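What follows is the content of structure05.txt, which has compact mmCIF, C-alpha atoms:
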```txt
# COMPACT_ATOMS: atom_id res chain seq x y z
CA MET Y 94 -71.42 9.42 91.05
CA LEU Y 95 -68.26 10.20 92.97
CA GLN Y 96 -66.33 13.11 91.61
CA ALA Y 97 -63.09 14.57 92.94
CA THR Y 98 -61.48 17.66 91.48
CA GLY Y 99 -58.07 19.15 92.09
CA LEU Y 100 -57.28 17.04 95.14
CA SER Y 101 -53.97 17.58 96.80
CA CYS Y 102 -52.75 16.24 100.08
CA THR Y 103 -49.78 17.31 102.17
CA ARG Y 104 -48.77 15.24 105.16
CA GLY Y 105 -46.06 16.74 107.30
CA HIS Y 106 -44.03 18.72 104.77
CA ARG Y 107 -44.38 16.16 102.03
CA CYS Y 108 -46.78 16.60 99.18
CA LEU Y 109 -48.31 13.20 98.49
CA PHE Y 110 -50.26 14.15 95.41
CA ALA Y 111 -51.52 17.32 93.80
CA GLY Y 112 -54.08 18.22 91.19
CA LEU Y 113 -55.68 14.80 91.24
CA ASP Y 114 -58.99 14.45 89.43
CA LEU Y 115 -61.04 11.32 89.42
CA GLU Y 116 -64.53 10.23 88.63
CA LEU Y 117 -66.33 7.04 89.41
CA ALA Y 118 -69.67 6.18 87.86
CA ALA Y 119 -72.14 3.39 88.58
CA GLY Y 120 -70.72 -0.08 88.01
CA GLN Y 121 -67.12 1.10 87.99
CA CYS Y 122 -64.23 -0.01 90.11
CA LEU Y 123 -61.05 1.95 90.79
CA HIS Y 124 -57.93 0.20 92.01
CA VAL Y 125 -55.57 2.67 93.67
CA ALA Y 126 -52.03 1.39 93.56
CA GLY Y 127 -48.70 2.76 94.69
CA ASN Y 128 -45.76 2.14 96.94
CA ASN Y 129 -45.86 2.43 100.71
CA GLY Y 130 -46.26 6.06 101.63
CA ALA Y 131 -47.55 7.04 98.19
CA GLY Y 132 -50.75 8.35 99.75
CA LYS Y 133 -53.21 5.57 99.02
CA THR Y 134 -54.75 5.54 102.48
CA SER Y 135 -54.79 9.35 102.62
CA LEU Y 136 -56.61 9.46 99.29
CA LEU Y 137 -59.19 6.94 100.47
CA ARG Y 138 -59.72 8.79 103.74
CA ILE Y 139 -60.17 12.04 101.82
CA LEU Y 140 -62.71 10.40 99.54
CA ALA Y 141 -64.55 8.98 102.56
CA GLY Y 142 -64.64 12.42 104.17
CA LEU Y 143 -62.46 11.47 107.14
CA LEU Y 144 -59.56 13.64 106.07
CA LEU Y 145 -59.70 17.19 104.79
CA PRO Y 146 -57.77 17.55 101.52
CA THR Y 147 -55.21 20.35 101.42
CA GLU Y 148 -56.93 21.50 98.25
CA GLY Y 149 -59.78 20.31 96.10
CA THR Y 150 -63.26 19.02 96.61
CA VAL Y 151 -65.03 15.67 96.67
CA ARG Y 152 -68.59 15.52 95.43
CA TRP Y 153 -71.15 12.76 95.77
CA LYS Y 154 -74.14 13.00 93.44
CA GLY Y 155 -73.17 16.61 92.84
CA ALA Y 156 -73.11 17.72 96.49
CA GLU Y 157 -69.92 18.30 98.39
CA ILE Y 158 -69.52 15.45 100.89
CA ARG Y 159 -68.84 17.75 103.83
CA GLN Y 160 -72.14 19.50 103.20
CA ALA Y 161 -74.09 16.29 102.75
CA ARG Y 162 -72.51 14.00 105.32
CA GLU Y 163 -75.70 12.15 106.15
CA GLU Y 164 -76.71 11.36 102.57
CA PHE Y 165 -73.14 10.42 101.69
CA GLY Y 166 -72.69 8.32 104.82
CA SER Y 167 -75.80 6.26 104.20
CA ASP Y 168 -74.54 5.49 100.67
CA LEU Y 169 -71.06 4.60 101.83
CA ALA Y 170 -69.51 1.44 103.24
CA PHE Y 171 -65.96 1.97 104.45
CA VAL Y 172 -63.51 -0.70 105.52
CA GLY Y 173 -60.29 0.91 106.63
CA HIS Y 174 -57.03 -0.35 108.07
CA LEU Y 175 -58.81 -0.73 111.38
CA ASN Y 176 -61.57 -3.27 111.39
CA GLY Y 177 -63.94 -1.37 113.66
CA VAL Y 178 -64.83 -4.64 115.36
CA LYS Y 179 -65.35 -4.44 119.12
CA ASP Y 180 -63.32 -7.06 120.97
CA ASP Y 181 -65.91 -7.48 123.73
CA LEU Y 182 -68.87 -8.09 121.45
CA THR Y 183 -69.56 -11.26 119.52
CA ALA Y 184 -69.28 -11.29 115.74
CA LEU Y 185 -73.08 -11.31 115.57
CA GLU Y 186 -73.50 -8.38 117.96
CA ASN Y 187 -70.92 -6.40 115.99
CA LEU Y 188 -72.89 -6.86 112.79
CA CYS Y 189 -76.28 -6.22 114.39
CA PHE Y 190 -75.01 -2.93 115.80
CA ALA Y 191 -73.61 -1.85 112.43
CA ALA Y 192 -76.97 -2.58 110.81
CA ALA Y 193 -79.01 -0.93 113.57
CA LEU Y 194 -76.89 2.22 113.38
CA ARG Y 195 -77.61 2.47 109.68
CA SER Y 196 -81.30 1.83 110.41
CA GLY Y 197 -81.01 -1.26 108.30
CA ASP Y 198 -82.16 -4.80 108.92
CA ALA Y 199 -80.75 -5.33 112.41
CA SER Y 200 -82.25 -8.78 112.86
CA ALA Y 201 -79.99 -11.62 113.91
CA ALA Y 202 -81.06 -13.57 110.83
CA ALA Y 203 -79.70 -10.93 108.46
CA ALA Y 204 -76.45 -10.70 110.38
CA LEU Y 205 -76.15 -14.48 110.44
CA ALA Y 206 -76.63 -14.63 106.68
CA ALA Y 207 -73.83 -12.09 106.27
CA LEU Y 208 -71.53 -14.15 108.49
CA GLU Y 209 -72.44 -17.25 106.53
CA ARG Y 210 -71.39 -15.47 103.37
CA VAL Y 211 -67.89 -14.80 104.72
CA GLY Y 212 -67.65 -18.28 106.23
CA LEU Y 213 -67.96 -17.34 109.89
CA ALA Y 214 -71.42 -18.71 110.66
CA ASP Y 215 -70.07 -21.17 113.24
CA HIS Y 216 -68.22 -18.34 115.00
CA ALA Y 217 -71.24 -16.05 115.30
CA ASP Y 218 -71.40 -16.25 119.08
CA VAL Y 219 -67.67 -16.05 119.71
CA VAL Y 220 -66.46 -12.86 121.35
CA ALA Y 221 -64.33 -11.04 118.77
CA ARG Y 222 -61.39 -11.02 121.19
CA HIS Y 223 -61.02 -14.76 120.54
CA LEU Y 224 -61.10 -14.44 116.76
CA SER Y 225 -57.93 -14.40 114.70
CA GLN Y 226 -56.81 -11.31 112.77
CA GLY Y 227 -58.14 -12.77 109.53
CA GLN Y 228 -61.47 -13.68 111.12
CA LYS Y 229 -61.88 -10.15 112.47
CA ARG Y 230 -61.20 -8.88 108.97
CA ARG Y 231 -63.96 -11.17 107.74
CA VAL Y 232 -66.37 -9.69 110.28
CA ALA Y 233 -65.49 -6.23 108.96
CA LEU Y 234 -66.14 -7.42 105.42
CA ALA Y 235 -69.41 -9.05 106.45
CA ARG Y 236 -70.59 -5.49 107.12
CA LEU Y 237 -70.53 -5.02 103.35
CA CYS Y 238 -73.25 -7.67 103.06
CA THR Y 239 -75.48 -6.14 105.74
CA THR Y 240 -75.17 -2.65 104.30
CA ALA Y 241 -76.42 -3.80 100.94
CA ALA Y 242 -77.86 -0.38 100.18
CA ALA Y 243 -74.44 1.25 100.13
CA ALA Y 244 -73.74 2.38 96.57
CA LEU Y 245 -70.10 3.18 97.22
CA TRP Y 246 -67.58 0.85 98.84
CA ILE Y 247 -64.24 2.25 99.92
CA LEU Y 248 -61.93 -0.56 100.91
CA ASP Y 249 -58.42 0.03 102.21
CA GLU Y 250 -56.28 -3.07 101.71
CA PRO Y 251 -59.30 -5.38 102.03
CA PHE Y 252 -57.27 -8.44 101.06
CA ASN Y 253 -54.87 -8.10 104.00
CA ALA Y 254 -54.85 -11.02 106.45
CA LEU Y 255 -57.37 -12.98 104.36
CA ASP Y 256 -56.85 -16.57 103.29
CA SER Y 257 -57.48 -17.71 99.74
CA SER Y 258 -61.11 -18.72 100.31
CA ALA Y 259 -61.90 -15.35 101.87
CA VAL Y 260 -60.14 -13.60 98.98
CA ALA Y 261 -62.41 -15.50 96.60
CA THR Y 262 -65.47 -14.52 98.66
CA LEU Y 263 -64.44 -10.87 98.58
CA HIS Y 264 -63.95 -11.04 94.82
CA GLY Y 265 -67.47 -12.42 94.58
CA LEU Y 266 -68.84 -9.61 96.75
CA ILE Y 267 -67.10 -6.95 94.65
CA GLU Y 268 -68.36 -8.53 91.45
CA GLN Y 269 -71.89 -8.58 92.82
CA GLN Y 270 -71.64 -4.95 93.92
CA LEU Y 271 -70.44 -3.83 90.48
CA ALA Y 272 -73.07 -5.90 88.71
CA ALA Y 273 -75.74 -4.24 90.84
CA GLY Y 274 -74.52 -0.82 89.69
CA GLY Y 275 -72.47 -0.06 92.78
CA MET Y 276 -69.04 1.50 92.88
CA VAL Y 277 -65.89 0.13 94.47
CA LEU Y 278 -62.73 2.00 95.36
CA LEU Y 279 -59.94 -0.08 96.77
CA THR Y 280 -56.25 -0.32 97.41
CA ALA Y 281 -54.35 -3.58 97.23
CA HIS Y 282 -50.73 -4.53 97.16
CA GLN Y 283 -51.34 -7.90 95.63
CA SER Y 284 -52.06 -7.96 91.95
CA VAL Y 285 -55.74 -8.73 91.99
CA GLN Y 286 -57.89 -9.72 89.10
CA LEU Y 287 -60.83 -7.41 89.46
CA PRO Y 288 -63.90 -7.90 87.39
CA GLY Y 289 -65.57 -5.73 84.82
CA ASP Y 290 -65.01 -2.05 84.42
CA THR Y 291 -61.89 -1.66 86.53
CA ARG Y 292 -59.41 1.14 86.20
CA ARG Y 293 -56.10 1.53 87.90
CA LEU Y 294 -54.72 4.71 89.43
CA GLU Y 295 -51.01 4.66 90.11
CA LEU Y 296 -50.08 7.07 92.88
CA GLY Y 297 -46.55 8.41 93.04
CA ALA Y 298 -45.76 6.95 89.61
CA SER Y 299 -44.01 10.11 88.45
CA ALA Y 300 -42.03 10.56 91.62
CA GLY Y 301 -38.47 11.54 90.92
CA ALA Y 302 -35.55 10.85 93.21
CA GLY Y 303 -36.73 13.60 95.55
CA GLY Y 304 -40.23 12.24 95.63
CA ALA Y 305 -41.55 15.65 96.58
CA ALA Y 306 -44.52 16.00 94.31
CA GLU Y 307 -46.52 13.55 92.36
CA THR Y 308 -49.45 14.00 90.11
CA GLY Y 309 -52.29 11.74 89.36
CA ASP Y 310 -52.91 13.28 85.95
CA PRO Y 311 -54.95 11.34 83.42
CA ASP Y 312 -51.76 9.95 81.88
CA ALA Y 313 -51.29 7.89 85.01
CA TRP Y 314 -54.49 6.03 84.26
CA ALA Y 315 -54.26 2.66 82.72
CA ALA Y 316 -56.87 0.07 82.06
CA ALA Y 317 -56.51 -2.93 84.27
CA MET P 1000 -82.50 8.96 114.23
CA SER P 1001 -83.81 7.75 117.57
CA SER P 1002 -83.05 4.18 116.51
CA ALA P 1003 -79.40 5.20 116.07
CA LEU P 1004 -79.43 6.73 119.56
CA LEU P 1005 -80.86 3.52 121.02
CA ALA P 1006 -78.38 1.38 119.07
CA VAL P 1007 -75.40 3.34 120.44
CA LEU P 1008 -76.86 3.30 123.95
CA HIS P 1009 -77.47 -0.45 123.79
CA ARG P 1010 -73.99 -1.14 122.45
CA ASP P 1011 -72.19 0.99 125.04
CA LEU P 1012 -74.15 -0.41 127.96
CA LEU P 1013 -73.46 -3.94 126.69
CA LEU P 1014 -69.75 -3.12 126.46
CA ALA P 1015 -69.83 -1.67 129.98
CA LEU P 1016 -71.44 -4.88 131.17
CA ARG P 1017 -68.70 -6.94 129.51
CA GLN P 1018 -66.02 -4.66 130.98
CA ARG P 1019 -67.54 -4.51 134.47
CA GLY P 1020 -64.10 -4.15 136.04
CA ASP P 1021 -63.45 -0.78 134.41
CA VAL P 1022 -66.81 0.53 135.56
CA LEU P 1023 -66.43 -0.75 139.11
CA ASN P 1024 -62.92 0.72 139.32
CA VAL P 1025 -64.31 4.22 138.87
CA LEU P 1026 -66.90 3.66 141.58
CA MET P 1027 -64.31 2.17 143.93
CA PHE P 1028 -62.01 5.12 143.23
CA PHE P 1029 -64.81 7.46 144.32
CA VAL P 1030 -65.52 5.50 147.50
CA VAL P 1031 -61.84 5.14 148.42
CA VAL P 1032 -61.05 8.84 147.93
CA VAL P 1033 -64.02 9.83 150.09
CA THR P 1034 -63.08 7.31 152.77
CA MET P 1035 -59.50 8.60 153.00
CA VAL P 1036 -60.59 12.06 154.14
CA PRO P 1037 -62.02 11.14 157.57
CA LEU P 1038 -58.88 9.09 158.18
CA GLY P 1039 -56.80 12.15 157.40
CA VAL P 1040 -58.71 14.87 159.26
CA GLY P 1041 -59.78 12.79 162.25
CA PRO P 1042 -63.18 11.70 163.49
CA GLU P 1043 -64.35 15.10 164.80
CA ILE P 1044 -68.06 14.93 163.91
CA ASN P 1045 -68.65 18.66 163.39
CA VAL P 1046 -65.65 18.95 161.07
CA LEU P 1047 -66.84 15.97 159.02
CA ARG P 1048 -70.34 17.37 158.79
CA THR P 1049 -68.96 20.69 157.50
CA ILE P 1050 -66.61 19.28 154.89
CA GLY P 1051 -68.74 16.26 153.86
CA ALA P 1052 -70.45 17.77 150.83
CA GLY P 1053 -67.25 19.37 149.52
CA VAL P 1054 -65.34 16.12 149.83
CA VAL P 1055 -68.02 14.14 148.01
CA TRP P 1056 -68.10 16.67 145.18
CA VAL P 1057 -64.31 16.79 144.74
CA ALA P 1058 -64.21 12.99 144.71
CA ALA P 1059 -67.03 12.89 142.17
CA LEU P 1060 -65.12 15.34 139.94
CA LEU P 1061 -61.95 13.25 140.15
CA ALA P 1062 -63.84 10.02 139.52
CA SER P 1063 -65.49 11.46 136.45
CA ILE P 1064 -62.07 12.60 135.13
CA VAL P 1065 -60.64 9.13 135.76
CA SER P 1066 -63.48 7.57 133.78
CA LEU P 1067 -63.06 9.81 130.71
CA PRO P 1068 -60.52 7.68 128.78
CA ARG P 1069 -63.20 4.95 128.59
CA LEU P 1070 -65.42 7.23 126.59
CA PHE P 1071 -63.74 7.42 123.16
CA SER P 1072 -60.21 6.05 123.24
CA GLN P 1073 -61.07 2.37 122.69
CA ASP P 1074 -63.44 3.19 119.84
CA HIS P 1075 -60.74 5.40 118.37
CA ALA P 1076 -58.09 2.70 118.59
CA ASP P 1077 -60.12 -0.11 117.03
CA GLY P 1078 -61.76 1.93 114.28
CA ALA P 1079 -65.31 1.76 115.66
CA LEU P 1080 -65.39 5.55 115.96
CA GLU P 1081 -64.73 6.19 112.26
CA GLN P 1082 -67.36 3.59 111.39
CA MET P 1083 -69.91 5.40 113.57
CA LEU P 1084 -69.08 8.82 112.13
CA LEU P 1085 -69.35 7.45 108.57
CA SER P 1086 -72.66 5.71 109.25
CA GLY P 1087 -74.73 8.55 107.85
CA GLN P 1088 -76.30 9.27 111.23
CA PRO P 1089 -75.86 12.75 112.72
CA ALA P 1090 -72.66 12.75 114.75
CA THR P 1091 -74.42 14.65 117.54
CA ILE P 1092 -76.92 11.81 117.99
CA ILE P 1093 -74.10 9.27 118.29
CA VAL P 1094 -72.30 11.52 120.75
CA ILE P 1095 -75.43 11.97 122.87
CA GLY P 1096 -75.86 8.19 123.02
CA LYS P 1097 -72.28 7.69 124.12
CA VAL P 1098 -72.35 10.43 126.77
CA LEU P 1099 -75.69 9.23 128.11
CA SER P 1100 -74.40 5.70 128.55
CA HIS P 1101 -71.23 7.08 130.12
CA TRP P 1102 -73.35 8.95 132.67
CA LEU P 1103 -75.44 5.84 133.35
CA VAL P 1104 -72.32 3.86 134.29
CA THR P 1105 -70.44 6.63 136.16
CA GLY P 1106 -72.58 9.59 137.27
CA ALA P 1107 -75.62 7.54 138.25
CA PRO P 1108 -73.74 4.95 140.39
CA ILE P 1109 -71.75 7.75 142.05
CA THR P 1110 -75.01 9.49 142.94
CA LEU P 1111 -76.32 6.28 144.50
CA ALA P 1112 -73.04 5.55 146.30
CA ALA P 1113 -73.29 8.99 147.91
CA ILE P 1114 -76.27 7.81 150.00
CA PRO P 1115 -74.20 5.64 152.41
CA ILE P 1116 -71.38 8.17 152.23
CA ALA P 1117 -73.73 10.95 153.42
CA VAL P 1118 -74.40 8.78 156.47
CA MET P 1119 -70.67 8.30 156.95
CA PHE P 1120 -70.18 12.08 157.15
CA ASP P 1121 -73.17 12.30 159.50
CA LEU P 1122 -75.15 14.54 157.16
CA ARG P 1123 -78.69 14.88 158.48
CA PHE P 1124 -81.65 13.84 156.37
CA GLU P 1125 -82.25 17.22 154.74
CA PRO P 1126 -78.62 18.01 153.75
CA GLY P 1127 -78.14 14.39 152.70
CA ARG P 1128 -81.16 14.54 150.43
CA THR P 1129 -79.92 17.81 148.94
CA LEU P 1130 -76.50 16.25 148.27
CA ILE P 1131 -78.08 13.39 146.31
CA ALA P 1132 -80.31 15.77 144.36
CA ALA P 1133 -77.34 18.03 143.59
CA LEU P 1134 -75.27 15.07 142.37
CA ALA P 1135 -78.12 13.82 140.21
CA LEU P 1136 -78.49 17.27 138.64
CA GLY P 1137 -74.79 18.09 138.36
CA THR P 1138 -73.11 14.86 137.22
CA PRO P 1139 -74.65 14.99 133.70
CA ALA P 1140 -72.79 18.27 133.18
CA LEU P 1141 -69.59 16.58 134.37
CA SER P 1142 -70.00 13.84 131.74
CA LEU P 1143 -70.81 16.34 128.99
CA ILE P 1144 -67.98 18.77 129.72
CA GLY P 1145 -65.58 15.90 130.31
CA ALA P 1146 -66.52 14.39 126.95
CA VAL P 1147 -65.47 17.61 125.19
CA GLY P 1148 -62.05 17.34 126.83
CA ALA P 1149 -61.81 13.61 126.07
CA ALA P 1150 -62.65 14.21 122.41
CA LEU P 1151 -60.14 17.06 122.10
CA THR P 1152 -57.28 15.05 123.59
CA LEU P 1153 -58.09 11.84 121.73
CA GLY P 1154 -54.98 10.15 120.39
CA LEU P 1155 -52.57 12.65 121.96
CA ARG P 1156 -49.55 11.60 123.95
CA GLY P 1157 -50.07 12.37 127.63
CA GLY P 1158 -53.72 13.07 126.95
CA GLY P 1159 -54.67 11.89 130.45
CA VAL P 1160 -52.97 14.76 132.26
CA LEU P 1161 -53.99 17.27 129.61
CA VAL P 1162 -57.66 16.34 129.87
CA THR P 1163 -57.48 16.90 133.64
CA LEU P 1164 -56.00 20.37 133.12
CA LEU P 1165 -58.60 21.19 130.48
CA VAL P 1166 -61.69 19.88 132.19
CA LEU P 1167 -61.21 20.53 135.93
CA PRO P 1168 -61.25 24.36 135.68
CA LEU P 1169 -64.45 24.18 133.64
CA THR P 1170 -66.17 22.16 136.35
CA VAL P 1171 -65.54 24.75 139.08
CA PRO P 1172 -69.08 26.21 138.88
CA ILE P 1173 -70.56 22.74 139.33
CA LEU P 1174 -68.41 22.19 142.40
CA ILE P 1175 -69.36 25.55 143.90
CA PHE P 1176 -73.11 25.25 143.37
CA GLY P 1177 -73.12 21.56 144.25
CA ALA P 1178 -71.41 22.00 147.59
CA GLY P 1179 -73.25 25.30 148.11
CA ALA P 1180 -76.63 23.60 147.87
CA VAL P 1181 -75.79 21.34 150.81
CA ASP P 1182 -74.35 24.20 152.85
CA ALA P 1183 -77.49 26.23 152.29
CA THR P 1184 -79.71 23.39 153.52
CA ALA P 1185 -77.49 22.80 156.55
CA GLY P 1186 -77.75 26.52 157.35
CA GLY P 1187 -81.53 26.40 157.20
CA LEU P 1188 -81.83 28.14 153.82
CA SER P 1189 -83.43 26.94 150.64
CA ALA P 1190 -81.23 24.89 148.31
CA ALA P 1191 -83.45 25.69 145.34
CA PRO P 1192 -81.30 28.45 143.76
CA ASN P 1193 -78.20 26.24 143.77
CA LEU P 1194 -80.08 23.22 142.46
CA LEU P 1195 -81.70 25.26 139.71
CA LEU P 1196 -78.31 26.60 138.67
CA LEU P 1197 -76.93 23.05 138.56
CA ALA P 1198 -79.85 21.92 136.41
CA GLY P 1199 -79.25 24.94 134.19
CA LEU P 1200 -75.58 24.04 133.79
CA SER P 1201 -76.50 20.48 132.83
CA LEU P 1202 -79.15 21.57 130.35
CA GLY P 1203 -76.89 24.23 128.89
CA SER P 1204 -74.06 21.77 128.35
CA ALA P 1205 -76.51 19.21 126.97
CA ALA P 1206 -77.52 21.77 124.36
CA LEU P 1207 -74.01 22.91 123.42
CA ALA P 1208 -71.54 20.13 124.23
CA PRO P 1209 -72.66 17.54 121.61
CA TRP P 1210 -71.77 19.91 118.76
CA ALA P 1211 -68.37 20.61 120.28
CA ILE P 1212 -67.73 16.90 120.93
CA ALA P 1213 -68.70 15.93 117.38
CA ALA P 1214 -66.44 18.61 115.89
CA ALA P 1215 -63.55 17.60 118.16
CA LEU P 1216 -63.96 13.92 117.21
CA ARG P 1217 -63.80 14.76 113.51
CA ILE P 1218 -60.60 16.74 114.05
CA SER P 1219 -59.01 13.95 116.04
CA LEU P 1220 -59.75 11.41 113.28
CA GLU P 1221 -57.81 13.42 110.68
```
File written out as structure tokens:
Amino acid sequence: MLQATGLSCTRGHRCLFAGLDLELAAGQCLHVAGNNGAGKTSLLRILAGLLLPTEGTVRWKGAEIRQAREEFGSDLAFVGHLNGVKDDLTALENLCFAAALRSGDASAAAALAALERVGLADHADVVARHLSQGQKRRVALARLCTTAAAALWILDEPFNALDSSAVATLHGLIEQQLAAGGMVLLTAHQSVQLPGDTRRLELGASAGAGGAAETGDPDAWAAA
Amino acid sequence: MSSALLAVLHRDLLLALRQRGDVLNVLMFFVVVVTMVPLGVGPEINVLRTIGAGVVWVAALLASIVSLPRLFSQDHADGALEQMLLSGQPATIIVIGKVLSHWLVTGAPITLAAIPIAVMFDLRFEPGRTLIAALALGTPALSLIGAVGAALTLGLRGGGVLVTLLVLPLTVPILIFGAGAVDATAGGLSAAPNLLLLAGLSLGSAALAPWAIAAALRISLE
């Protein structure tokens, strides 16, 4: 279970959010929404342990994530703004490395199956430099298939640069993850129809004209 | 844990193979800098013999500084670094893998390239052998200390100059003991104290630097 208490984040001199509490249990999905600059990416990076919150703590299975980086990391699959795909490696090599690093199934067959899932099987041996932006995004998302053990997915704008068939594939992957008792945390600009137990967190909803401080209090929650 | 180390090592060596140009540039830089000196000071054999070891060491320091941006900046820019740090493997293991592969494609070739260069400066067999041994023992420390600087300046504007200012002063002991080893041999003394100190510096930085590099990388990702 992912549990965040009293999170606040200040970037520059601007307070993005303060006193934010959230909880995500098995099989749940949280859709973080908000305008540009509302702090969606900052929130996701805080929850992934890449960014230190100004205040507050993030706990995974009861342990603070900074104290239990290794346990948290092996349960986490993160797809950020950057794809993390090396231009000089082929799609297959990129996936095999990701799996080997996580001491998972680093065989070419497993990686190929993941590429097949995102519709890139015939591009497996193409150097990523020659892939389009959307295809690189698909390679990044194929990592979600190879890291099947990850209980928590944190996806920052995963639908960006994807065509409609890839969007459908990603929906399928998310559905599968939730059905298997996993958790998904994502941001998306598009209105997406997410399956099952999905909640929506609106960041910056209470921002006045000054936009100085926002809260993510429970009133901002709404069922999707 | 060791599988993660091997995975990082394999990936970085594969990338170096695909980006051969970058790797060869560093080696060529080393060779060119060393070759310029005899052209500048003239072909007086005794002068060359005296300054040979110092010149090789200064060039090796500069070449290792030039190669530092390769270490983390690409991984930082394309998001591979955050993926590695979130992989659940100890950050120090990942860092050791990256620094080891960096040494294999910079420090090790420089050590080998110093063999013909020792001949060029007319170093005799004994001083030449000491120079190679000193480079082999000292260049790992250059990679490790340089990696701390590279991690600290990651993503900064003008990081290239800053990393030079940060790292070069820290490598002074390596330069002194490295060149000193060759001087001792040429003077008929034992090079062992200098070589042992170099090995100590490398081992000491191998024990301490990975923690510093991992912490610096986390800060630079914020």
Could you please tell me, as a PyMOL selection string, which residues of chain P have an atom within 12 Å of chain Y when using all atoms listed in the file? chain P and resi 1000-1019+1073-1093+1096+1214+1216-1221
With only C-alpha atoms as the atoms that count, which of P:Gly1127, P:Gly1041, P:Gly1177, P:Gly1203 lies nearest to P:Ala1191? P:Gly1177
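Rounded to one decimal, atom CA of P:Val1022 and atom CA of P:Thr1105 lie 7.1 Å from each other.
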Atom pair atom CA of P:Gly1148 / atom CA of P:Arg1069: separation (Å):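 Straight-line distance from atom CA of P:Gly1148 to atom CA of P:Arg1069 works out to 12.6 Å.
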Using Å and a single decimal, report how far atom CA of Y:Gln160 sits from atom CA of P:Ile1144.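 Computed distance, atom CA of P:Ile1144 to atom CA of Y:Gln160, equals 26.9 Å.
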Just give me the residues with any atom within 12 Å of (-79.5, -4.8, 89.9), file coordinates, counting all atoms listed in the file, written as a PyMOL selection string. chain Y and resi 119-120+241-242+244+268-275
Would you kindly return, as a compact mmCIF listing (two decimals) with C-alpha atoms, in the coordinates of the input, each protein, DNA or RNA residue with an atom no farther than 10 Å from any atom of P:Ile1064, considering all atoms listed in the file and excluding same-chain residues fewer than 4 positions away?
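Everything below was put into selection20.txt:
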```txt
# COMPACT_ATOMS: atom_id res chain seq x y z
CA VAL P 1025 -64.31 4.22 138.87
CA ALA P 1058 -64.21 12.99 144.71
CA ALA P 1059 -67.03 12.89 142.17
CA LEU P 1060 -65.12 15.34 139.94
CA PRO P 1068 -60.52 7.68 128.78
CA LEU P 1141 -69.59 16.58 134.37
CA SER P 1142 -70.00 13.84 131.74
CA GLY P 1145 -65.58 15.90 130.31
CA ALA P 1146 -66.52 14.39 126.95
CA GLY P 1148 -62.05 17.34 126.83
CA ALA P 1149 -61.81 13.61 126.07
CA GLY P 1159 -54.67 11.89 130.45
CA VAL P 1160 -52.97 14.76 132.26
CA VAL P 1162 -57.66 16.34 129.87
CA THR P 1163 -57.48 16.90 133.64
CA VAL P 1166 -61.69 19.88 132.19
CA LEU P 1167 -61.21 20.53 135.93
```
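Shortest separation to P:Ala1132 among P:Ala1107, P:Ile1095, P:Val1171, P:Met1119 occurs at residue P:Ala1107, atoms counted being all atoms listed in the file.
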Return the single residue from P:Ile1131, P:Val1033, P:Val1057, P:Ala1140 that is closest to P:Ile1175, with distances computed using only C-alpha atoms.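 Answer, going by the shortest atom-to-atom distance: P:Val1057.
In terms of minimum interatomic distance to P:Leu1143, P:Leu1202 ranks closest within P:Leu1130, P:Leu1202, P:Ile1050, P:Ile1116, counting all atoms listed in the file.
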Spatial neighbours of Y:Glu116, 12 Å, all atoms listed in the file, chain gap at least 4 places, as a PDB file with C-alpha atoms, keeping the file's coordinate frame:
```
ATOM      1  CA  MET Y  94     -71.420   9.420  91.050  1.00  0.00           C
ATOM      2  CA  LEU Y  95     -68.260  10.200  92.970  1.00  0.00           C
ATOM      3  CA  GLN Y  96     -66.330  13.110  91.610  1.00  0.00           C
ATOM      4  CA  ALA Y  97     -63.090  14.570  92.940  1.00  0.00           C
ATOM      5  CA  THR Y  98     -61.480  17.660  91.480  1.00  0.00           C
ATOM      6  CA  GLY Y  99     -58.070  19.150  92.090  1.00  0.00           C
ATOM      7  CA  LEU Y 100     -57.280  17.040  95.140  1.00  0.00           C
ATOM      8  CA  GLN Y 121     -67.120   1.100  87.990  1.00  0.00           C
ATOM      9  CA  CYS Y 122     -64.230  -0.010  90.110  1.00  0.00           C
ATOM     10  CA  LEU Y 123     -61.050   1.950  90.790  1.00  0.00           C
ATOM     11  CA  LEU Y 140     -62.710  10.400  99.540  1.00  0.00           C
ATOM     12  CA  THR Y 150     -63.260  19.020  96.610  1.00  0.00           C
ATOM     13  CA  VAL Y 151     -65.030  15.670  96.670  1.00  0.00           C
ATOM     14  CA  ARG Y 152     -68.590  15.520  95.430  1.00  0.00           C
ATOM     15  CA  TRP Y 153     -71.150  12.760  95.770  1.00  0.00           C
ATOM     16  CA  LYS Y 154     -74.140  13.000  93.440  1.00  0.00           C
ATOM     17  CA  GLY Y 155     -73.170  16.610  92.840  1.00  0.00           C
ATOM     18  CA  MET Y 276     -69.040   1.500  92.880  1.00  0.00           C
ATOM     19  CA  VAL Y 277     -65.890   0.130  94.470  1.00  0.00           C
ATOM     20  CA  LEU Y 278     -62.730   2.000  95.360  1.00  0.00           C
ATOM     21  CA  ARG Y 292     -59.410   1.140  86.200  1.00  0.00           C
ATOM     22  CA  LEU Y 294     -54.720   4.710  89.430  1.00  0.00           C
ATOM     23  CA  PRO Y 311     -54.950  11.340  83.420  1.00  0.00           C
ATOM     24  CA  TRP Y 314     -54.490   6.030  84.260  1.00  0.00           C
TER      25      TRP Y 314
END
```
